[in-house]
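Source file: entry_38.txt (compact mmCIF, C-alpha atoms)
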# COMPACT_ATOMS: atom_id res chain seq x y z
CA MET M 1 -22.65 -192.80 82.95
CA ALA M 2 -19.70 -190.81 84.21
CA GLN M 3 -16.33 -192.49 84.03
CA THR M 4 -14.86 -193.50 87.36
CA PRO M 5 -11.86 -191.27 88.13
CA ARG M 6 -8.61 -193.18 88.18
CA GLU M 7 -5.24 -192.24 89.54
CA GLY M 8 -4.13 -189.13 87.69
CA ASN M 9 -0.98 -188.69 85.68
CA LEU M 10 2.01 -187.48 87.72
CA GLU M 11 4.28 -186.79 84.75
CA ALA M 12 4.74 -183.37 83.15
CA PRO M 13 1.94 -182.58 80.68
CA THR M 14 2.69 -183.37 77.04
CA ARG M 15 0.97 -181.29 74.38
CA HIS M 16 0.14 -182.98 71.08
CA PRO M 17 0.26 -180.99 67.83
CA LEU M 18 -3.06 -179.53 66.73
CA ALA M 19 -4.38 -181.51 63.75
CA TRP M 20 -6.22 -178.51 62.34
CA LYS M 21 -5.44 -179.34 58.70
CA SER M 22 -7.33 -182.65 58.78
CA GLU M 23 -10.92 -182.87 57.58
CA GLU M 24 -11.98 -184.85 60.66
CA PHE M 25 -11.02 -181.85 62.78
CA TYR M 26 -14.01 -179.98 61.34
CA GLN M 27 -16.56 -182.83 61.30
CA GLN M 28 -19.30 -181.91 63.75
CA ASP M 29 -20.32 -185.48 64.61
CA ALA M 30 -16.72 -186.39 65.46
CA LEU M 31 -16.44 -183.18 67.46
CA TYR M 32 -19.59 -183.94 69.44
CA ALA M 33 -18.36 -187.47 70.18
CA GLU M 34 -15.07 -186.16 71.56
CA MET M 35 -16.82 -183.42 73.54
CA GLU M 36 -19.13 -185.99 75.13
CA ARG M 37 -16.12 -188.16 76.06
CA VAL M 38 -14.20 -185.26 77.60
CA PHE M 39 -17.23 -183.71 79.30
CA ASP M 40 -17.98 -187.10 80.89
CA ILE M 41 -14.49 -187.19 82.40
CA CYS M 42 -14.76 -183.58 83.58
CA HIS M 43 -18.17 -184.28 85.14
CA GLY M 44 -16.67 -187.18 87.11
CA CYS M 45 -13.78 -185.06 88.36
CA ARG M 46 -14.93 -181.42 88.76
CA ARG M 47 -11.53 -180.16 89.93
CA CYS M 48 -11.69 -177.19 87.54
CA VAL M 49 -15.00 -175.78 88.75
CA SER M 50 -13.43 -172.59 90.14
CA LEU M 51 -11.27 -171.68 87.13
CA CYS M 52 -13.75 -170.08 84.74
CA GLN M 53 -17.41 -170.18 83.72
CA SER M 54 -17.03 -173.08 81.25
CA PHE M 55 -16.99 -175.72 83.94
CA PRO M 56 -19.90 -174.42 86.06
CA SER M 57 -21.88 -174.17 82.81
CA LEU M 58 -21.09 -177.78 81.98
CA PHE M 59 -21.87 -179.08 85.46
CA ASP M 60 -25.13 -177.13 85.62
CA LEU M 61 -26.19 -178.66 82.31
CA VAL M 62 -25.45 -182.14 83.64
CA ASP M 63 -27.09 -181.58 87.01
CA GLU M 64 -30.24 -180.21 85.37
CA SER M 65 -30.54 -183.05 82.84
CA GLU M 66 -32.96 -185.94 83.34
CA SER M 67 -30.23 -188.56 83.57
CA LEU M 68 -27.89 -186.40 85.71
CA GLU M 69 -25.14 -187.53 83.34
CA VAL M 70 -23.54 -186.02 80.23
CA ASP M 71 -25.63 -188.25 77.95
CA GLY M 72 -28.69 -186.32 79.14
CA VAL M 73 -27.34 -182.99 77.86
CA ALA M 74 -28.50 -181.86 74.42
CA LYS M 75 -25.61 -181.53 71.98
CA GLU M 76 -26.62 -177.99 71.00
CA ASP M 77 -26.14 -176.98 74.64
CA TYR M 78 -22.46 -177.93 74.43
CA TRP M 79 -21.86 -174.54 72.83
CA GLN M 80 -22.64 -172.82 76.13
CA VAL M 81 -19.48 -174.44 77.48
CA VAL M 82 -17.45 -173.52 74.39
CA ASP M 83 -18.48 -169.85 74.46
CA HIS M 84 -17.21 -169.42 78.01
CA CYS M 85 -13.76 -170.87 77.26
CA TYR M 86 -11.13 -168.23 76.50
CA LEU M 87 -8.22 -170.67 76.19
CA CYS M 88 -6.36 -169.57 79.32
CA ASP M 89 -4.90 -173.11 79.50
CA LEU M 90 -4.99 -173.20 83.31
CA CYS M 91 -7.16 -176.33 83.42
CA TYR M 92 -4.62 -178.17 81.26
CA MET M 93 -1.48 -176.94 82.99
CA THR M 94 -2.50 -176.61 86.63
CA LYS M 95 -5.56 -178.75 87.46
CA CYS M 96 -6.30 -181.68 85.15
CA PRO M 97 -4.78 -185.06 86.14
CA TYR M 98 -5.83 -186.67 82.85
CA VAL M 99 -3.73 -184.74 80.35
CA PRO M 100 -1.32 -186.70 78.14
CA PRO M 101 0.65 -188.87 78.67
CA HIS M 102 -2.33 -190.16 80.72
CA GLU M 103 -4.27 -192.72 78.69
CA TRP M 104 -7.42 -190.57 78.72
CA ASN M 105 -5.50 -187.96 76.69
CA LEU M 106 -7.62 -184.99 77.77
CA ASP M 107 -6.87 -181.54 76.35
CA PHE M 108 -9.88 -179.40 77.21
CA PRO M 109 -8.57 -176.07 75.82
CA HIS M 110 -7.64 -177.51 72.43
CA LEU M 111 -10.98 -179.31 72.25
CA MET M 112 -12.68 -175.96 72.83
CA LEU M 113 -10.41 -174.45 70.17
CA ARG M 114 -11.49 -177.17 67.76
CA ALA M 115 -15.14 -176.39 68.52
CA LYS M 116 -14.52 -172.68 67.92
CA ALA M 117 -12.87 -173.53 64.59
CA VAL M 118 -15.88 -175.63 63.56
CA LYS M 119 -18.21 -172.80 64.54
CA TYR M 120 -16.12 -170.27 62.63
CA ARG M 121 -16.03 -172.42 59.48
CA GLN M 122 -19.82 -172.73 59.65
CA GLY M 123 -20.06 -168.92 59.69
CA GLU M 124 -21.59 -168.72 63.16
CA VAL M 125 -19.55 -165.70 64.25
CA LYS M 126 -20.87 -162.29 65.27
CA THR M 127 -19.77 -159.15 63.45
CA ARG M 128 -18.71 -157.76 66.84
CA ASP M 129 -16.30 -160.64 67.37
CA ARG M 130 -14.79 -160.26 63.92
CA ILE M 131 -14.19 -156.56 64.62
CA LEU M 132 -12.83 -156.98 68.16
CA THR M 133 -10.30 -159.59 67.02
CA SER M 134 -9.13 -157.52 64.03
CA THR M 135 -6.67 -155.63 66.20
CA ASP M 136 -4.41 -154.43 63.39
CA ALA M 137 -7.24 -153.01 61.27
CA VAL M 138 -8.94 -151.34 64.24
CA GLY M 139 -5.64 -150.01 65.61
CA ASN M 140 -4.51 -148.58 62.27
CA LEU M 141 -7.77 -146.66 61.94
CA ALA M 142 -8.19 -145.63 65.59
CA GLY M 143 -4.54 -144.60 65.81
CA ILE M 144 -4.92 -141.77 63.30
CA PRO M 145 -4.48 -138.59 65.42
CA VAL M 146 -7.90 -136.99 64.91
CA ILE M 147 -9.72 -140.33 64.96
CA SER M 148 -7.97 -141.51 68.12
CA THR M 149 -9.24 -138.44 69.97
CA ILE M 150 -12.79 -139.13 68.79
CA VAL M 151 -12.63 -142.87 69.57
CA ASN M 152 -11.27 -142.26 73.06
CA ALA M 153 -13.94 -139.64 73.75
CA VAL M 154 -16.69 -141.99 72.57
CA ASN M 155 -15.33 -144.84 74.71
CA ARG M 156 -15.53 -142.60 77.78
CA ASN M 157 -19.04 -141.28 77.08
CA PRO M 158 -21.84 -143.19 78.90
CA LEU M 159 -24.47 -142.39 76.27
CA ALA M 160 -22.18 -143.42 73.42
CA ARG M 161 -21.38 -146.64 75.25
CA LYS M 162 -25.08 -147.50 75.44
CA VAL M 163 -25.28 -147.02 71.67
CA LEU M 164 -22.20 -149.21 71.27
CA LYS M 165 -23.90 -151.93 73.30
CA SER M 166 -26.99 -151.81 71.09
CA ALA M 167 -24.99 -151.75 67.87
CA LEU M 168 -22.21 -154.23 68.62
CA GLY M 169 -22.93 -155.90 71.96
CA VAL M 170 -20.05 -154.24 73.83
CA HIS M 171 -20.87 -153.88 77.53
CA PRO M 172 -21.10 -150.22 78.61
CA ASP M 173 -19.19 -150.88 81.85
CA ALA M 174 -16.31 -152.74 80.22
CA ARG M 175 -13.04 -150.85 80.16
CA LEU M 176 -11.95 -150.22 76.59
CA PRO M 177 -8.31 -149.40 75.80
CA GLU M 178 -7.34 -145.92 74.73
CA TYR M 179 -5.68 -145.47 71.35
CA GLN M 180 -2.43 -143.57 71.00
CA SER M 181 -1.40 -141.76 67.85
CA ASN M 182 2.10 -141.40 69.34
CA THR M 183 2.80 -145.12 69.09
CA LEU M 184 5.69 -147.08 70.55
CA ARG M 185 7.16 -147.33 67.07
CA LYS M 186 7.13 -143.54 66.71
CA ARG M 187 8.62 -143.06 70.17
CA LEU M 188 11.50 -145.46 69.46
CA GLN M 189 12.05 -144.74 65.77
CA HIS M 190 15.35 -142.94 66.42
CA HIS M 191 16.44 -145.15 69.28
CA SER M 192 19.90 -146.69 69.16
CA SER M 193 21.99 -148.43 71.78
CA ASP M 194 25.62 -147.91 72.66
CA HIS M 195 25.85 -151.29 74.39
CA SER M 196 27.39 -154.40 72.84
CA ALA M 197 25.86 -157.82 73.33
CA GLN M 198 27.25 -159.97 76.14
CA ALA M 199 26.09 -163.58 75.87
CA ALA M 200 25.56 -165.57 79.07
CA GLY M 201 23.88 -168.92 79.65
CA ARG M 202 20.88 -169.29 77.36
CA THR M 203 20.85 -165.56 76.56
CA ARG M 204 22.79 -163.89 73.78
CA GLY M 205 22.60 -160.48 75.38
CA GLN M 206 20.68 -158.47 72.78
CA ILE M 207 16.92 -158.34 72.38
CA ALA M 208 14.47 -157.66 69.57
CA LEU M 209 11.18 -156.42 71.05
CA PHE M 210 8.01 -157.56 69.32
CA ALA M 211 5.95 -154.45 70.04
CA THR M 212 2.52 -156.18 69.87
CA CYS M 213 -0.53 -154.38 68.56
CA TYR M 214 -1.65 -153.47 72.09
CA MET M 215 1.62 -152.07 73.41
CA ASN M 216 2.27 -150.23 70.15
CA ARG M 217 -1.15 -148.62 69.72
CA ASN M 218 -2.74 -148.62 73.18
CA GLU M 219 -0.12 -148.53 75.93
CA PRO M 220 3.37 -147.69 74.64
CA GLY M 221 4.74 -146.55 78.01
CA PRO M 222 5.80 -150.00 79.27
CA GLY M 223 7.65 -150.56 75.99
CA GLU M 224 9.78 -147.49 76.71
CA ASP M 225 10.25 -148.74 80.26
CA LEU M 226 11.49 -152.12 79.01
CA VAL M 227 14.08 -150.44 76.81
CA ALA M 228 15.28 -148.33 79.76
CA VAL M 229 15.49 -151.32 82.12
CA TYR M 230 17.23 -153.61 79.64
CA GLU M 231 19.78 -151.01 78.58
CA HIS M 232 20.45 -150.16 82.24
CA ASN M 233 21.45 -153.83 82.42
CA GLY M 234 23.69 -153.60 79.36
CA ILE M 235 21.24 -155.34 77.02
CA PRO M 236 20.83 -153.54 73.68
CA VAL M 237 17.22 -153.44 72.48
CA ARG M 238 15.74 -152.88 69.05
CA LEU M 239 12.20 -153.15 67.76
CA THR M 240 11.38 -155.79 65.20
CA GLN M 241 11.22 -154.24 61.74
CA LYS M 242 7.43 -154.59 61.74
CA GLU M 243 4.75 -156.74 63.27
CA GLN M 244 1.30 -158.02 62.60
CA CYS M 245 -0.94 -159.17 65.45
CA CYS M 246 0.54 -162.39 66.83
CA GLY M 247 -2.74 -164.17 66.02
CA MET M 248 -3.98 -164.94 69.53
CA PRO M 249 -7.30 -163.02 69.14
CA LYS M 250 -8.05 -164.90 65.92
CA LEU M 251 -7.04 -168.18 67.57
CA GLU M 252 -9.60 -167.55 70.31
CA LEU M 253 -12.18 -166.83 67.61
CA GLY M 254 -11.42 -170.10 65.82
CA ASP M 255 -10.18 -168.37 62.66
CA LEU M 256 -7.15 -170.60 62.17
CA GLU M 257 -6.53 -169.47 58.59
CA ALA M 258 -6.05 -165.92 59.90
CA VAL M 259 -3.58 -167.28 62.45
CA GLN M 260 -1.64 -168.88 59.61
CA HIS M 261 -1.63 -165.59 57.72
CA ALA M 262 -0.24 -163.76 60.76
CA LYS M 263 2.38 -166.46 61.17
CA GLU M 264 3.48 -166.06 57.56
CA MET M 265 3.93 -162.31 58.15
CA ASN M 266 5.74 -162.53 61.49
CA ILE M 267 7.84 -165.67 61.55
CA PRO M 268 10.21 -164.95 58.61
CA GLN M 269 11.35 -161.60 60.00
CA LEU M 270 11.61 -162.95 63.57
CA ALA M 271 13.63 -165.94 62.38
CA ALA M 272 15.92 -163.55 60.48
CA LEU M 273 16.53 -161.61 63.70
CA VAL M 274 17.42 -164.84 65.48
CA ASP M 275 19.91 -165.56 62.71
CA GLU M 276 21.40 -162.10 63.33
CA GLY M 277 22.03 -163.03 66.97
CA TYR M 278 18.98 -161.53 68.68
CA ASP M 279 16.81 -163.06 71.37
CA LEU M 280 13.11 -162.15 71.24
CA THR M 281 10.58 -160.85 73.75
CA ALA M 282 7.16 -159.17 74.02
CA LEU M 283 5.33 -157.43 76.85
CA ILE M 284 2.01 -159.26 76.44
CA PRO M 285 2.09 -162.81 77.90
CA SER M 286 -0.46 -164.02 75.31
CA CYS M 287 1.84 -162.95 72.48
CA VAL M 288 4.81 -164.69 74.10
CA LEU M 289 2.71 -167.83 74.54
CA MET M 290 1.63 -167.67 70.90
CA PHE M 291 5.24 -167.96 69.72
CA LYS M 292 6.30 -170.33 72.49
CA GLN M 293 3.40 -172.77 72.32
CA GLU M 294 0.46 -172.27 69.97
CA LEU M 295 2.28 -171.71 66.68
CA PRO M 296 4.68 -174.63 67.31
CA LEU M 297 1.66 -176.86 68.00
CA MET M 298 -0.10 -175.65 64.84
CA PHE M 299 3.03 -175.91 62.67
CA PRO M 300 5.15 -178.64 64.27
CA ASP M 301 7.22 -179.26 61.13
CA ASP M 302 8.12 -175.63 60.43
CA ALA M 303 11.83 -175.14 61.23
CA GLU M 304 11.53 -171.34 61.40
CA VAL M 305 8.64 -171.55 63.89
CA LYS M 306 10.82 -173.81 66.02
CA LYS M 307 13.74 -171.39 65.76
CA VAL M 308 11.57 -168.49 66.93
CA GLN M 309 10.10 -170.60 69.73
CA GLN M 310 13.54 -171.37 71.14
CA ALA M 311 14.60 -167.71 71.05
CA PHE M 312 11.43 -166.22 72.60
CA PHE M 313 11.49 -165.21 76.28
CA ASP M 314 9.16 -163.63 78.78
CA PRO M 315 10.74 -160.25 79.71
CA PHE M 316 11.30 -161.13 83.36
CA GLU M 317 12.37 -164.68 82.52
CA TYR M 318 15.15 -163.08 80.48
CA LEU M 319 16.21 -160.77 83.30
CA MET M 320 16.37 -163.62 85.80
CA LEU M 321 18.42 -165.75 83.40
CA ARG M 322 20.87 -162.85 83.29
CA HIS M 323 20.75 -162.55 87.08
CA ARG M 324 21.71 -166.22 87.36
CA GLU M 325 24.87 -165.36 85.45
CA GLY M 326 25.60 -162.36 87.69
CA LEU M 327 24.65 -159.79 85.02
CA LEU M 328 21.57 -158.14 86.51
CA GLN M 329 22.08 -154.73 88.08
CA THR M 330 20.68 -154.53 91.61
CA ASP M 331 21.48 -150.85 92.16
CA PHE M 332 17.90 -150.02 93.12
CA THR M 333 17.37 -146.55 94.55
CA VAL M 334 13.63 -146.61 95.29
CA SER M 335 11.70 -149.22 97.27
CA LEU M 336 8.21 -150.16 96.09
CA GLY M 337 6.70 -150.98 99.47
CA LYS M 338 3.73 -153.34 99.15
CA VAL M 339 3.01 -154.63 95.64
CA ALA M 340 -0.10 -156.68 94.78
CA TYR M 341 0.84 -158.69 91.70
CA GLN M 342 -1.68 -160.72 89.67
CA VAL M 343 -0.01 -163.50 87.69
CA ALA M 344 -1.41 -163.55 84.16
CA CYS M 345 -2.76 -166.95 83.07
CA HIS M 346 -0.81 -166.99 79.81
CA GLN M 347 2.35 -166.35 81.78
CA ARG M 348 1.65 -169.07 84.36
CA VAL M 349 1.22 -171.73 81.69
CA GLN M 350 4.64 -171.02 80.17
CA ASN M 351 6.21 -173.14 82.94
CA ILE M 352 8.95 -170.63 83.66
CA GLY M 353 8.22 -170.05 87.34
CA PRO M 354 7.35 -166.74 89.04
CA LYS M 355 10.07 -164.69 87.37
CA THR M 356 8.35 -161.32 87.75
CA LYS M 357 7.94 -161.94 91.48
CA GLU M 358 11.56 -163.07 91.81
CA THR M 359 12.78 -159.93 90.06
CA LEU M 360 10.69 -157.50 92.09
CA GLU M 361 11.72 -159.23 95.32
CA LEU M 362 15.31 -158.14 94.64
CA ILE M 363 14.22 -154.56 95.37
CA PRO M 364 14.95 -153.64 99.02
CA ASN M 365 12.00 -152.98 101.35
CA THR M 366 9.55 -154.40 98.84
CA THR M 367 6.90 -157.02 99.65
CA ILE M 368 5.11 -158.88 96.86
CA GLU M 369 1.61 -160.30 97.33
CA VAL M 370 1.26 -162.87 94.55
CA ILE M 371 -2.30 -163.50 93.33
CA GLU M 372 -2.55 -166.63 91.20
CA ARG M 373 -6.14 -166.22 90.09
CA CYS M 374 -7.50 -165.45 86.63
CA SER M 375 -8.55 -161.87 85.94
CA GLY M 376 -11.45 -163.00 83.75
CA HIS M 377 -10.49 -160.54 81.05
CA ASP M 378 -9.26 -162.59 78.09
CA GLY M 379 -8.73 -160.63 74.89
CA THR M 380 -12.44 -159.90 74.34
CA TYR M 381 -14.40 -161.91 76.94
CA ALA M 382 -14.80 -159.07 79.46
CA VAL M 383 -15.88 -156.66 76.73
CA LYS M 384 -18.82 -158.73 75.48
CA ALA M 385 -22.20 -157.66 76.81
CA GLU M 386 -23.30 -161.22 77.55
CA MET M 387 -20.02 -162.18 79.26
CA HIS M 388 -19.07 -159.06 81.23
CA ALA M 389 -20.89 -160.07 84.42
CA PHE M 390 -19.15 -163.45 84.39
CA SER M 391 -15.78 -161.77 83.85
CA ARG M 392 -16.35 -159.56 86.89
CA LYS M 393 -17.32 -162.60 88.95
CA ILE M 394 -14.06 -164.30 87.97
CA ALA M 395 -12.06 -161.16 88.78
CA ARG M 396 -13.76 -160.49 92.12
CA PRO M 397 -11.50 -162.83 94.20
CA VAL M 398 -8.46 -161.05 92.75
CA ALA M 399 -9.94 -157.65 93.57
CA ASN M 400 -10.74 -158.83 97.10
CA ARG M 401 -7.11 -159.88 97.60
CA VAL M 402 -5.90 -156.50 96.40
CA GLU M 403 -8.27 -154.64 98.71
CA LYS M 404 -7.30 -156.78 101.70
CA PHE M 405 -3.57 -156.28 101.06
CA ALA M 406 -3.99 -152.50 100.54
CA PRO M 407 -0.84 -152.19 98.42
CA ASP M 408 1.23 -149.21 97.43
CA HIS M 409 1.27 -150.58 93.88
CA PHE M 410 -0.82 -153.07 91.94
CA GLY M 411 -0.41 -154.63 88.51
CA SER M 412 -0.10 -157.59 86.18
CA ASP M 413 2.17 -158.62 83.33
CA CYS M 414 -0.99 -158.57 81.20
CA ALA M 415 -1.87 -154.88 80.99
CA MET M 416 -5.43 -155.67 79.91
CA ALA M 417 -5.94 -157.99 82.89
CA GLY M 418 -4.58 -155.31 85.20
CA HIS M 419 -6.98 -152.70 83.87
CA HIS M 420 -9.94 -155.08 84.11
CA ILE M 421 -9.16 -155.73 87.78
CA GLU M 422 -8.71 -151.98 88.21
CA ASN M 423 -12.21 -151.56 86.77
CA VAL M 424 -13.65 -154.14 89.20
CA LEU M 425 -11.88 -152.30 92.03
CA GLY M 426 -13.73 -149.15 91.02
CA GLY M 427 -10.53 -147.27 90.28
CA LYS M 428 -9.23 -147.42 93.87
CA TRP M 429 -5.88 -148.50 92.47
CA VAL M 430 -4.39 -147.82 89.06
CA ALA M 431 -2.79 -150.87 87.46
CA GLU M 432 0.93 -150.48 86.72
CA HIS M 433 2.95 -152.84 84.55
CA PRO M 434 5.72 -154.62 86.51
CA ILE M 435 8.35 -153.39 84.03
CA THR M 436 7.24 -149.83 84.88
CA LEU M 437 7.62 -150.59 88.58
CA LEU M 438 11.08 -152.03 87.96
CA ARG M 439 12.16 -148.91 86.10
CA SER M 440 10.86 -146.79 88.96
CA ALA M 441 12.88 -148.86 91.45
CA TYR M 442 16.02 -148.26 89.43
CA GLY M 443 15.27 -144.54 89.43
CA ILE M 444 15.98 -144.22 85.72

How does the structure come out when it is put into structure tokens?
Amino acid sequence: MAQTPREGNLEAPTRHPLAWKSEEFYQQDALYAEMERVFDICHGCRRCVSLCQSFPSLFDLVDESESLEVDGVAKEDYWQVVDHCYLCDLCYMTKCPYVPPHEWNLDFPHLMLRAKAVKYRQGEVKTRDRILTSTDAVGNLAGIPVISTIVNAVNRNPLARKVLKSALGVHPDARLPEYQSNTLRKRLQHHSSDHSAQAAGRTRGQIALFATCYMNRNEPGPGEDLVAVYEHNGIPVRLTQKEQCCGMPKLELGDLEAVQHAKEMNIPQLAALVDEGYDLTALIPSCVLMFKQELPLMFPDDAEVKKVQQAFFDPFEYLMLRHREGLLQTDFTVSLGKVAYQVACHQRVQNIGPKTKETLELIPNTTIEVIERCSGHDGTYAVKAEMHAFSRKIARPVANRVEKFAPDHFGSDCAMAGHHIENVLGGKWVAEHPITLLRSAYGI
């Protein structure tokens, strides 16, 4: 019997630490009991039906059961719901009225994460998914000059893509990122700044850029654009000494031990940079969220994780904090006209407000069409053969908004989301990162 919806919680959501070290966390019977409790609440509410495919899958299972309630759904069918969750966090942060401190204490994304962790520990993970989430290993190999040329050629070849679908279950129509042998690290290896740090408000005026595996190996251009924009605003930028994948792909896989390993590689050097007076940023919203939210929830008692969390900023959040103190240059020389801007889910759930929009709106003769709908990409969801059609369905409303607005420019803070929408649009528009657009507006 579905629980009767009560008045929802009106307070700000409170996230509890993830108890992933406890044995109960991995007990399947306890997991099923909690999933039945949460699914029963979701079935009685249904506010999140339009967010992703997890909720329609759940509601279809209930509506097709004999009892028309959650108790009529076979436990093994729960995994259909889990497999469609890519931990965007939108249900928790934007829709659900029953998140803590509400007494029902509902955290759907972290319940799905727990289920993924149980599945991973039981060894029920495809080889494809292990490969796709091993971004450092794949990037190091595919980034070798000769190999990158071959990999990129294969990814563009229709026949090769059909073979890739048969061998690994990668959809032939999914856009795969190109690999660059001339990485962001190589491009910035001799970079130095002649600016001195000027602290203001919460910012200390100098930034260490966490390159991320994607921006380093796949799309280094926006990293160069960030350096140009920040230094135009008197903010010296340096790359972190090194980086390993932030751990978000492995988190979405449920491989929490791999997340811990990445944390042990990244956090000490990032904390050392904070001690040296640097603030931190990254150009992938998921990576920013990893350091701002997921690692602190996984390691709530780690002082260095907390230190990094407090020093990590979204790139446009940082610029607008500087603008508040009168330190942002507004000497724009080029208008952008009409810009269709998709707000990445992992940026929305940071609770920082629409900082990219606010920044771009400072550019004269520029109109921003904000699209607050999920792209359906996720790190690997849109690439999987069995999920690609669903990802396109999720992205279609975004693509429709872009087509209706007919912009001069289109993009997203999440480069991968932007390119997935670009793919759904059939290449009518080429996705541009907002930091690239900002650099263009400055004319630098």

key: Contacts of M:Arg396 within 12 Å, only C-alpha atoms, excl. fewer than 3 positions in-chain, as a list in words   =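 Near M:Arg396, the qualifying residues are Ile371, Arg373, Cys374, Ser375, Gly376, His377, Ala389, Phe390, Ser391, Arg392, Lys393, Ala399, Asn400, Arg401, Val402, Glu403, His420, Ile421, Glu422, Asn423, Val424, Leu425 and Gly426 of chain M.
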
Residue selection dump (C-alpha atoms) as a PDB file, in the coordinates of the input:
ATOM      1  CA  ILE M 371      -2.300-163.500  93.330  1.00  0.00           C
ATOM      2  CA  ARG M 373      -6.140-166.220  90.090  1.00  0.00           C
ATOM      3  CA  CYS M 374      -7.500-165.450  86.630  1.00  0.00           C
ATOM      4  CA  SER M 375      -8.550-161.870  85.940  1.00  0.00           C
ATOM      5  CA  GLY M 376     -11.450-163.000  83.750  1.00  0.00           C
ATOM      6  CA  HIS M 377     -10.490-160.540  81.050  1.00  0.00           C
ATOM      7  CA  ALA M 389     -20.890-160.070  84.420  1.00  0.00           C
ATOM      8  CA  PHE M 390     -19.150-163.450  84.390  1.00  0.00           C
ATOM      9  CA  SER M 391     -15.780-161.770  83.850  1.00  0.00           C
ATOM     10  CA  ARG M 392     -16.350-159.560  86.890  1.00  0.00           C
ATOM     11  CA  LYS M 393     -17.320-162.600  88.950  1.00  0.00           C
ATOM     12  CA  ALA M 399      -9.940-157.650  93.570  1.00  0.00           C
ATOM     13  CA  ASN M 400     -10.740-158.830  97.100  1.00  0.00           C
ATOM     14  CA  ARG M 401      -7.110-159.880  97.600  1.00  0.00           C
ATOM     15  CA  VAL M 402      -5.900-156.500  96.400  1.00  0.00           C
ATOM     16  CA  GLU M 403      -8.270-154.640  98.710  1.00  0.00           C
ATOM     17  CA  HIS M 420      -9.940-155.080  84.110  1.00  0.00           C
ATOM     18  CA  ILE M 421      -9.160-155.730  87.780  1.00  0.00           C
ATOM     19  CA  GLU M 422      -8.710-151.980  88.210  1.00  0.00           C
ATOM     20  CA  ASN M 423     -12.210-151.560  86.770  1.00  0.00           C
ATOM     21  CA  VAL M 424     -13.650-154.140  89.200  1.00  0.00           C
ATOM     22  CA  LEU M 425     -11.880-152.300  92.030  1.00  0.00           C
ATOM     23  CA  GLY M 426     -13.730-149.150  91.020  1.00  0.00           C
TER      24      GLY M 426
END

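The point (12.3, -180.2, 80.4) has these residues within 12 Å of it when only C-alpha atoms are used: Glu11, Ala12, Pro13, Thr14, Gln350, Asn351 and Ile352 of chain M.
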
request  = Write out as a ChimeraX atom specification the residues lying within 9 Å of M:Gly201, counting all atoms listed in the file and excluding same-chain residues fewer than 4 positions away.
outcome  = /M:321-322,324-325

key: Point-to-point distance from atom CA of M:Ser134 to atom CA of M:Ala208, Å rounded to tenths   =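 Atom CA of M:Ala208 lies 24.2 Å from atom CA of M:Ser134.
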
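Across the model, the gap from atom CA of M:Ile131 to atom CA of M:Ser54 is 23.6 Å.
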
inquiry  = With only C-alpha atoms as the counted atoms, please give the residues lying no more than 12 Å from M:Val125, apart from itself and same-chain residues fewer than 4 positions off, as a PyMOL selection string.
reply    = chain M and resi 83+116-121+129-133+250+252-255
